[in-house]
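Pasted below: my_file_18.cif, mmCIF, N, CA and C atoms.
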data_structure
#
loop_
_atom_site.group_PDB
_atom_site.id
_atom_site.type_symbol
_atom_site.label_atom_id
_atom_site.label_comp_id
_atom_site.auth_asym_id
_atom_site.auth_seq_id
_atom_site.Cartn_x
_atom_site.Cartn_y
_atom_site.Cartn_z
ATOM 1 N N MET N 1 61.700 66.126 184.778
ATOM 2 C CA MET N 1 61.110 67.444 184.749
ATOM 3 C C MET N 1 59.662 67.364 185.227
ATOM 4 N N THR N 2 59.258 68.269 186.106
ATOM 5 C CA THR N 2 57.915 68.284 186.654
ATOM 6 C C THR N 2 56.928 68.826 185.623
ATOM 7 N N GLU N 3 55.826 68.111 185.473
ATOM 8 C CA GLU N 3 54.796 68.550 184.537
ATOM 9 C C GLU N 3 53.878 69.557 185.224
ATOM 10 N N ILE N 4 53.595 70.653 184.549
ATOM 11 C CA ILE N 4 52.722 71.677 185.097
ATOM 12 C C ILE N 4 51.317 71.437 184.567
ATOM 13 N N ASN N 5 50.351 71.397 185.479
ATOM 14 C CA ASN N 5 48.963 71.198 185.086
ATOM 15 C C ASN N 5 48.366 72.547 184.714
ATOM 16 N N LYS N 6 48.140 72.790 183.424
ATOM 17 C CA LYS N 6 47.620 74.074 182.957
ATOM 18 C C LYS N 6 46.138 74.238 183.269
ATOM 19 N N GLU N 7 45.503 73.176 183.806
ATOM 20 C CA GLU N 7 44.096 73.277 184.175
ATOM 21 C C GLU N 7 43.921 74.266 185.330
ATOM 22 N N TYR N 8 44.915 74.328 186.211
ATOM 23 C CA TYR N 8 44.852 75.205 187.377
ATOM 24 C C TYR N 8 45.657 76.477 187.136
ATOM 25 N N MET N 9 45.278 77.544 187.826
ATOM 26 C CA MET N 9 45.944 78.833 187.664
ATOM 27 C C MET N 9 47.318 78.804 188.326
ATOM 28 N N SER N 10 48.273 79.514 187.749
ATOM 29 C CA SER N 10 49.605 79.635 188.342
ATOM 30 C C SER N 10 49.547 80.616 189.512
ATOM 31 N N LYS N 11 50.604 80.633 190.301
ATOM 32 C CA LYS N 11 50.701 81.579 191.412
ATOM 33 C C LYS N 11 50.529 83.011 190.907
ATOM 34 N N ASP N 12 51.203 83.368 189.830
ATOM 35 C CA ASP N 12 51.109 84.726 189.289
ATOM 36 C C ASP N 12 49.700 85.063 188.826
ATOM 37 N N GLU N 13 49.014 84.089 188.242
ATOM 38 C CA GLU N 13 47.633 84.316 187.796
ATOM 39 C C GLU N 13 46.704 84.518 188.995
ATOM 40 N N VAL N 14 46.909 83.743 190.055
ATOM 41 C CA VAL N 14 46.088 83.886 191.257
ATOM 42 C C VAL N 14 46.322 85.258 191.885
ATOM 43 N N ILE N 15 47.581 85.670 191.998
ATOM 44 C CA ILE N 15 47.910 86.972 192.590
ATOM 45 C C ILE N 15 47.270 88.099 191.787
ATOM 46 N N LYS N 16 47.354 88.015 190.469
ATOM 47 C CA LYS N 16 46.737 89.036 189.614
ATOM 48 C C LYS N 16 45.226 89.058 189.817
ATOM 49 N N SER N 17 44.628 87.892 189.923
ATOM 50 C CA SER N 17 43.183 87.784 190.115
ATOM 51 C C SER N 17 42.749 88.341 191.471
ATOM 52 N N LEU N 18 43.583 88.182 192.492
ATOM 53 C CA LEU N 18 43.247 88.662 193.838
ATOM 54 C C LEU N 18 43.185 90.186 193.922
ATOM 55 N N SER N 19 43.998 90.867 193.153
ATOM 56 C CA SER N 19 44.031 92.331 193.207
ATOM 57 C C SER N 19 42.663 92.900 192.846
ATOM 58 N N ASP N 20 42.195 93.822 193.680
ATOM 59 C CA ASP N 20 40.897 94.494 193.527
ATOM 60 C C ASP N 20 39.706 93.572 193.766
ATOM 61 N N THR N 21 39.918 92.457 194.464
ATOM 62 C CA THR N 21 38.832 91.534 194.782
ATOM 63 C C THR N 21 38.143 91.979 196.068
ATOM 64 N N PRO N 22 36.809 92.131 196.039
ATOM 65 C CA PRO N 22 36.082 92.447 197.267
ATOM 66 C C PRO N 22 36.159 91.262 198.226
ATOM 67 N N ILE N 23 36.212 91.560 199.513
ATOM 68 C CA ILE N 23 36.321 90.497 200.513
ATOM 69 C C ILE N 23 35.526 90.904 201.749
ATOM 70 N N GLY N 24 34.873 89.942 202.354
ATOM 71 C CA GLY N 24 34.164 90.164 203.610
ATOM 72 C C GLY N 24 34.992 89.609 204.746
ATOM 73 N N LEU N 25 35.305 90.432 205.707
ATOM 74 C CA LEU N 25 36.145 90.020 206.832
ATOM 75 C C LEU N 25 35.289 89.849 208.077
ATOM 76 N N ASP N 26 35.248 88.634 208.613
ATOM 77 C CA ASP N 26 34.555 88.395 209.869
ATOM 78 C C ASP N 26 35.533 88.663 210.993
ATOM 79 N N VAL N 27 35.255 89.713 211.749
ATOM 80 C CA VAL N 27 36.158 90.126 212.822
ATOM 81 C C VAL N 27 35.458 89.888 214.155
ATOM 82 N N GLU N 28 36.126 89.131 215.014
ATOM 83 C CA GLU N 28 35.562 88.816 216.320
ATOM 84 C C GLU N 28 35.216 90.099 217.069
ATOM 85 N N ASN N 29 34.031 90.145 217.629
ATOM 86 C CA ASN N 29 33.503 91.278 218.395
ATOM 87 C C ASN N 29 33.228 92.518 217.543
ATOM 88 N N GLU N 30 33.432 92.435 216.226
ATOM 89 C CA GLU N 30 33.182 93.583 215.363
ATOM 90 C C GLU N 30 32.228 93.244 214.222
ATOM 91 N N GLY N 31 31.894 91.986 214.029
ATOM 92 C CA GLY N 31 31.027 91.580 212.924
ATOM 93 C C GLY N 31 31.785 91.523 211.613
ATOM 94 N N THR N 32 31.046 91.618 210.519
ATOM 95 C CA THR N 32 31.652 91.530 209.195
ATOM 96 C C THR N 32 31.985 92.916 208.669
ATOM 97 N N ARG N 33 33.196 93.067 208.179
ATOM 98 C CA ARG N 33 33.618 94.318 207.533
ATOM 99 C C ARG N 33 33.909 94.013 206.075
ATOM 100 N N GLU N 34 33.464 94.901 205.215
ATOM 101 C CA GLU N 34 33.732 94.747 203.785
ATOM 102 C C GLU N 34 35.048 95.442 203.456
ATOM 103 N N GLY N 35 35.824 94.852 202.592
ATOM 104 C CA GLY N 35 37.093 95.437 202.182
ATOM 105 C C GLY N 35 37.425 95.020 200.765
ATOM 106 N N THR N 36 38.572 95.463 200.291
ATOM 107 C CA THR N 36 39.059 95.114 198.956
ATOM 108 C C THR N 36 40.532 94.736 199.068
ATOM 109 N N ILE N 37 40.909 93.651 198.408
ATOM 110 C CA ILE N 37 42.314 93.257 198.364
ATOM 111 C C ILE N 37 43.006 94.195 197.378
ATOM 112 N N VAL N 38 43.900 95.021 197.886
ATOM 113 C CA VAL N 38 44.612 95.972 197.029
ATOM 114 C C VAL N 38 46.006 95.479 196.662
ATOM 115 N N ASP N 39 46.531 94.532 197.413
ATOM 116 C CA ASP N 39 47.848 93.964 197.138
ATOM 117 C C ASP N 39 47.713 92.439 197.107
ATOM 118 N N GLY N 40 47.480 91.912 195.901
ATOM 119 C CA GLY N 40 47.245 90.482 195.743
ATOM 120 C C GLY N 40 48.381 89.615 196.243
ATOM 121 N N GLU N 41 49.613 90.054 196.020
ATOM 122 C CA GLU N 41 50.760 89.254 196.440
ATOM 123 C C GLU N 41 50.868 89.193 197.962
ATOM 124 N N LYS N 42 50.652 90.313 198.612
ATOM 125 C CA LYS N 42 50.705 90.352 200.073
ATOM 126 C C LYS N 42 49.630 89.437 200.667
ATOM 127 N N PHE N 43 48.406 89.517 200.125
ATOM 128 C CA PHE N 43 47.305 88.681 200.598
ATOM 129 C C PHE N 43 47.614 87.202 200.370
ATOM 130 N N TYR N 44 48.083 86.877 199.186
ATOM 131 C CA TYR N 44 48.410 85.490 198.826
ATOM 132 C C TYR N 44 49.452 84.914 199.788
ATOM 133 N N ASN N 45 50.535 85.643 199.983
ATOM 134 C CA ASN N 45 51.619 85.148 200.844
ATOM 135 C C ASN N 45 51.172 85.004 202.293
ATOM 136 N N LYS N 46 50.389 85.929 202.784
ATOM 137 C CA LYS N 46 49.897 85.867 204.168
ATOM 138 C C LYS N 46 48.937 84.676 204.325
ATOM 139 N N MET N 47 48.058 84.490 203.330
ATOM 140 C CA MET N 47 47.094 83.390 203.394
ATOM 141 C C MET N 47 47.801 82.041 203.423
ATOM 142 N N LEU N 48 48.884 81.899 202.666
ATOM 143 C CA LEU N 48 49.596 80.621 202.628
ATOM 144 C C LEU N 48 50.159 80.227 203.989
ATOM 145 N N LEU N 49 50.419 81.202 204.849
ATOM 146 C CA LEU N 49 50.900 80.890 206.197
ATOM 147 C C LEU N 49 49.838 80.157 207.007
ATOM 148 N N PHE N 50 48.562 80.461 206.739
ATOM 149 C CA PHE N 50 47.455 79.865 207.478
ATOM 150 C C PHE N 50 46.832 78.676 206.752
ATOM 151 N N ASP N 51 46.811 78.741 205.429
ATOM 152 C CA ASP N 51 46.138 77.723 204.628
ATOM 153 C C ASP N 51 46.892 77.530 203.309
ATOM 154 N N PRO N 52 47.935 76.686 203.320
ATOM 155 C CA PRO N 52 48.804 76.530 202.148
ATOM 156 C C PRO N 52 48.093 76.040 200.887
ATOM 157 N N ASP N 53 46.962 75.380 201.030
ATOM 158 C CA ASP N 53 46.259 74.829 199.873
ATOM 159 C C ASP N 53 45.067 75.672 199.437
ATOM 160 N N ARG N 54 44.944 76.868 199.959
ATOM 161 C CA ARG N 54 43.761 77.702 199.716
ATOM 162 C C ARG N 54 43.480 77.927 198.228
ATOM 163 N N PHE N 55 44.500 78.133 197.431
ATOM 164 C CA PHE N 55 44.293 78.493 196.026
ATOM 165 C C PHE N 55 44.738 77.422 195.029
ATOM 166 N N THR N 56 45.138 76.240 195.511
ATOM 167 C CA THR N 56 45.688 75.219 194.617
ATOM 168 C C THR N 56 44.666 74.659 193.638
ATOM 169 N N HIS N 57 43.394 74.734 193.968
ATOM 170 C CA HIS N 57 42.343 74.159 193.126
ATOM 171 C C HIS N 57 41.734 75.161 192.141
ATOM 172 N N CYS N 58 42.155 76.410 192.177
ATOM 173 C CA CYS N 58 41.511 77.472 191.396
ATOM 174 C C CYS N 58 41.808 77.353 189.900
ATOM 175 N N LYS N 59 40.735 77.409 189.111
ATOM 176 C CA LYS N 59 40.847 77.311 187.659
ATOM 177 C C LYS N 59 40.482 78.620 186.963
ATOM 178 N N ASN N 60 39.838 79.555 187.702
ATOM 179 C CA ASN N 60 39.420 80.820 187.097
ATOM 180 C C ASN N 60 39.269 81.903 188.180
ATOM 181 N N ASP N 61 39.005 83.141 187.750
ATOM 182 C CA ASP N 61 38.904 84.270 188.686
ATOM 183 C C ASP N 61 37.792 84.069 189.706
ATOM 184 N N ASN N 62 36.675 83.494 189.289
ATOM 185 C CA ASN N 62 35.557 83.276 190.195
ATOM 186 C C ASN N 62 35.957 82.353 191.348
ATOM 187 N N GLU N 63 36.682 81.296 191.040
ATOM 188 C CA GLU N 63 37.127 80.364 192.078
ATOM 189 C C GLU N 63 38.135 81.012 193.017
ATOM 190 N N VAL N 64 38.957 81.920 192.505
ATOM 191 C CA VAL N 64 39.904 82.653 193.353
ATOM 192 C C VAL N 64 39.129 83.534 194.337
ATOM 193 N N THR N 65 38.094 84.224 193.857
ATOM 194 C CA THR N 65 37.283 85.082 194.724
ATOM 195 C C THR N 65 36.607 84.262 195.815
ATOM 196 N N ILE N 66 36.047 83.121 195.456
ATOM 197 C CA ILE N 66 35.396 82.249 196.441
ATOM 198 C C ILE N 66 36.409 81.767 197.474
ATOM 199 N N ALA N 67 37.585 81.343 197.016
ATOM 200 C CA ALA N 67 38.622 80.852 197.934
ATOM 201 C C ALA N 67 39.103 81.957 198.871
ATOM 202 N N ALA N 68 39.250 83.165 198.339
ATOM 203 C CA ALA N 68 39.715 84.292 199.162
ATOM 204 C C ALA N 68 38.717 84.622 200.259
ATOM 205 N N ASN N 69 37.431 84.395 199.995
ATOM 206 C CA ASN N 69 36.383 84.746 200.945
ATOM 207 C C ASN N 69 35.981 83.608 201.880
ATOM 208 N N LYS N 70 36.621 82.434 201.744
ATOM 209 C CA LYS N 70 36.328 81.337 202.665
ATOM 210 C C LYS N 70 36.711 81.749 204.082
ATOM 211 N N VAL N 71 35.982 81.220 205.038
ATOM 212 C CA VAL N 71 36.240 81.538 206.441
ATOM 213 C C VAL N 71 37.669 81.148 206.808
ATOM 214 N N LEU N 72 38.321 82.023 207.553
ATOM 215 C CA LEU N 72 39.672 81.774 208.039
ATOM 216 C C LEU N 72 39.682 82.034 209.542
ATOM 217 N N ASP N 73 40.126 81.050 210.294
ATOM 218 C CA ASP N 73 40.163 81.175 211.747
ATOM 219 C C ASP N 73 41.512 81.758 212.167
ATOM 220 N N VAL N 74 41.512 83.067 212.412
ATOM 221 C CA VAL N 74 42.722 83.752 212.856
ATOM 222 C C VAL N 74 42.548 84.084 214.329
ATOM 223 N N LYS N 75 43.475 83.618 215.145
ATOM 224 C CA LYS N 75 43.348 83.809 216.594
ATOM 225 C C LYS N 75 43.552 85.271 217.001
ATOM 226 N N ASP N 76 44.509 85.938 216.387
ATOM 227 C CA ASP N 76 44.791 87.326 216.728
ATOM 228 C C ASP N 76 43.962 88.253 215.862
ATOM 229 N N LYS N 77 43.984 89.544 216.207
ATOM 230 C CA LYS N 77 43.300 90.531 215.372
ATOM 231 C C LYS N 77 43.933 90.557 213.992
ATOM 232 N N LEU N 78 43.080 90.662 212.979
ATOM 233 C CA LEU N 78 43.564 90.665 211.607
ATOM 234 C C LEU N 78 43.974 92.102 211.245
ATOM 235 N N ASN N 79 45.248 92.292 210.914
ATOM 236 C CA ASN N 79 45.759 93.592 210.515
ATOM 237 C C ASN N 79 45.616 93.713 208.998
ATOM 238 N N ALA N 80 44.653 94.556 208.563
ATOM 239 C CA ALA N 80 44.329 94.666 207.151
ATOM 240 C C ALA N 80 45.556 95.075 206.312
ATOM 241 N N ASP N 81 46.384 95.969 206.825
ATOM 242 C CA ASP N 81 47.562 96.416 206.068
ATOM 243 C C ASP N 81 48.534 95.269 205.797
ATOM 244 N N GLU N 82 48.714 94.381 206.788
ATOM 245 C CA GLU N 82 49.615 93.241 206.617
ATOM 246 C C GLU N 82 49.087 92.274 205.562
ATOM 247 N N TRP N 83 47.777 92.270 205.356
ATOM 248 C CA TRP N 83 47.140 91.360 204.402
ATOM 249 C C TRP N 83 46.936 92.012 203.046
ATOM 250 N N GLY N 84 47.256 93.301 202.903
ATOM 251 C CA GLY N 84 47.056 93.983 201.631
ATOM 252 C C GLY N 84 45.613 94.319 201.358
ATOM 253 N N ILE N 85 44.851 94.568 202.438
ATOM 254 C CA ILE N 85 43.421 94.855 202.325
ATOM 255 C C ILE N 85 43.136 96.287 202.752
ATOM 256 N N LYS N 86 42.250 96.944 202.034
ATOM 257 C CA LYS N 86 41.791 98.300 202.400
ATOM 258 C C LYS N 86 40.302 98.302 202.504
#

Kindly present the structure from the file in structure tokens form.
Amino acid sequence: MTEINKEYMSKDEVIKSLSDTPIGLDVENEGTREGTIVDGEKFYNKMLLFDPDRFTHCKNDNEVTIAANKVLDVKDKLNADEWGIK
């Protein structure tokens, strides 16, 4: 049986923490846009496609916010609706 490390947040805890989190989006040729994550699960799942380890180290809400706001190199235009951001 796999041992779960309770030191780190579970997927469900991270998703809950992401909801209503302010985020700064660096958009090529548009500068930084401020937004809010309105759908934590959508954001979490989309982020894992680009950075599977983005939230594995998070122990609290503050660390989730910092991880969510880390720079992400997306080649195409970022569609806020697909990411659960408004």

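For Asp39 (chain N), the residues within 5 Å (counting all atoms listed in the file, excluding itself and residues fewer than 3 positions away along the chain) are Lys42, Phe43 and Gly84 of chain N.
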
Output check: residues returned by the PyMOL selection byres (((chain N and resi 58 and name CA) around 9) and name CA), as a tab-separated table (two decimals) with N, CA and C atoms, in the frame of the given file:
chain	number	residue	atom	x	y	z
N	7	GLU	N	45.50	73.18	183.81
N	7	GLU	CA	44.10	73.28	184.18
N	7	GLU	C	43.92	74.27	185.33
N	8	TYR	N	44.92	74.33	186.21
N	8	TYR	CA	44.85	75.20	187.38
N	8	TYR	C	45.66	76.48	187.14
N	9	MET	N	45.28	77.54	187.83
N	9	MET	CA	45.94	78.83	187.66
N	9	MET	C	47.32	78.80	188.33
N	10	SER	N	48.27	79.51	187.75
N	10	SER	CA	49.60	79.64	188.34
N	10	SER	C	49.55	80.62	189.51
N	14	VAL	N	46.91	83.74	190.06
N	14	VAL	CA	46.09	83.89	191.26
N	14	VAL	C	46.32	85.26	191.88
N	54	ARG	N	44.94	76.87	199.96
N	54	ARG	CA	43.76	77.70	199.72
N	54	ARG	C	43.48	77.93	198.23
N	55	PHE	N	44.50	78.13	197.43
N	55	PHE	CA	44.29	78.49	196.03
N	55	PHE	C	44.74	77.42	195.03
N	56	THR	N	45.14	76.24	195.51
N	56	THR	CA	45.69	75.22	194.62
N	56	THR	C	44.67	74.66	193.64
N	57	HIS	N	43.39	74.73	193.97
N	57	HIS	CA	42.34	74.16	193.13
N	57	HIS	C	41.73	75.16	192.14
N	59	LYS	N	40.74	77.41	189.11
N	59	LYS	CA	40.85	77.31	187.66
N	59	LYS	C	40.48	78.62	186.96
N	60	ASN	N	39.84	79.56	187.70
N	60	ASN	CA	39.42	80.82	187.10
N	60	ASN	C	39.27	81.90	188.18
N	61	ASP	N	39.01	83.14	187.75
N	61	ASP	CA	38.90	84.27	188.69
N	61	ASP	C	37.79	84.07	189.71
N	62	ASN	N	36.67	83.49	189.29
N	62	ASN	CA	35.56	83.28	190.20
N	62	ASN	C	35.96	82.35	191.35
N	63	GLU	N	36.68	81.30	191.04
N	63	GLU	CA	37.13	80.36	192.08
N	63	GLU	C	38.14	81.01	193.02
N	64	VAL	N	38.96	81.92	192.50
N	64	VAL	CA	39.90	82.65	193.35
N	64	VAL	C	39.13	83.53	194.34
N	67	ALA	N	37.58	81.34	197.02
N	67	ALA	CA	38.62	80.85	197.93
N	67	ALA	C	39.10	81.96	198.87

| message | Rounded to one decimal, what separation in Å do you get between CA of Asn79 (chain N) and atom N of Pro52 (chain N)? | response |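 Atom-to-atom, CA of Asn79 (chain N) to atom N of Pro52 (chain N), that is 18.5 Å.
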
Leaving out Gly24 (chain N) and any residue of its chain fewer than 2 positions from it, which residues lie within 6 Å of it when counting all atoms listed in the file, given as a PDB file with N, CA and C atoms, in the frame of the given file?
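The result, stored in result_28.pdb:
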ATOM      1  N   PRO N  22      36.809  92.131 196.039  1.00  0.00           N
ATOM      2  CA  PRO N  22      36.082  92.447 197.267  1.00  0.00           C
ATOM      3  C   PRO N  22      36.159  91.262 198.226  1.00  0.00           C
ATOM      4  N   ASP N  26      35.248  88.634 208.613  1.00  0.00           N
ATOM      5  CA  ASP N  26      34.555  88.395 209.869  1.00  0.00           C
ATOM      6  C   ASP N  26      35.533  88.663 210.993  1.00  0.00           C
ATOM      7  N   THR N  32      31.046  91.618 210.519  1.00  0.00           N
ATOM      8  CA  THR N  32      31.652  91.530 209.195  1.00  0.00           C
ATOM      9  C   THR N  32      31.985  92.916 208.669  1.00  0.00           C
ATOM     10  N   ARG N  33      33.196  93.067 208.179  1.00  0.00           N
ATOM     11  CA  ARG N  33      33.618  94.318 207.533  1.00  0.00           C
ATOM     12  C   ARG N  33      33.909  94.013 206.075  1.00  0.00           C
ATOM     13  N   GLU N  34      33.464  94.901 205.215  1.00  0.00           N
ATOM     14  CA  GLU N  34      33.732  94.747 203.785  1.00  0.00           C
ATOM     15  C   GLU N  34      35.048  95.442 203.456  1.00  0.00           C
ATOM     16  N   GLY N  35      35.824  94.852 202.592  1.00  0.00           N
ATOM     17  CA  GLY N  35      37.093  95.437 202.182  1.00  0.00           C
ATOM     18  C   GLY N  35      37.425  95.020 200.765  1.00  0.00           C
ATOM     19  N   ASN N  69      37.431  84.395 199.995  1.00  0.00           N
ATOM     20  CA  ASN N  69      36.383  84.746 200.945  1.00  0.00           C
ATOM     21  C   ASN N  69      35.981  83.608 201.880  1.00  0.00           C
TER      22      ASN N  69
END

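For the pair atom C of Leu18 (chain N) and atom C of Glu82 (chain N), the interatomic distance is 13.2 Å.
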
| task | Fewer than 2 positions away in the same chain doesn't count, so skip those; otherwise give me all residues within 7 Å of Val38 (chain N), counting only N, CA and C atoms, as number ranges by chain. | result | N: 18-21, 36, 40-41, 83-86

| said: Taking the file as I've supplied it (selection: the PyMOL selection byres (((chain N and resi 51 and name CA) around 12) and name CA)), which residues are included? Please answer as a PyMOL selection string. | reply: chain N and resi 43-50+52-56+67-68+70-74

| remark: What separates atom N of Asp12 (chain N) and atom C of Lys77 (chain N) is a distance of 26.2 Å

| request: Please return as a ChimeraX atom specification: the residues of chain N that backbone DSSP assigns to helix (DSSP H, G or I). | output: /N:11-18,40-50,61-68,80-83
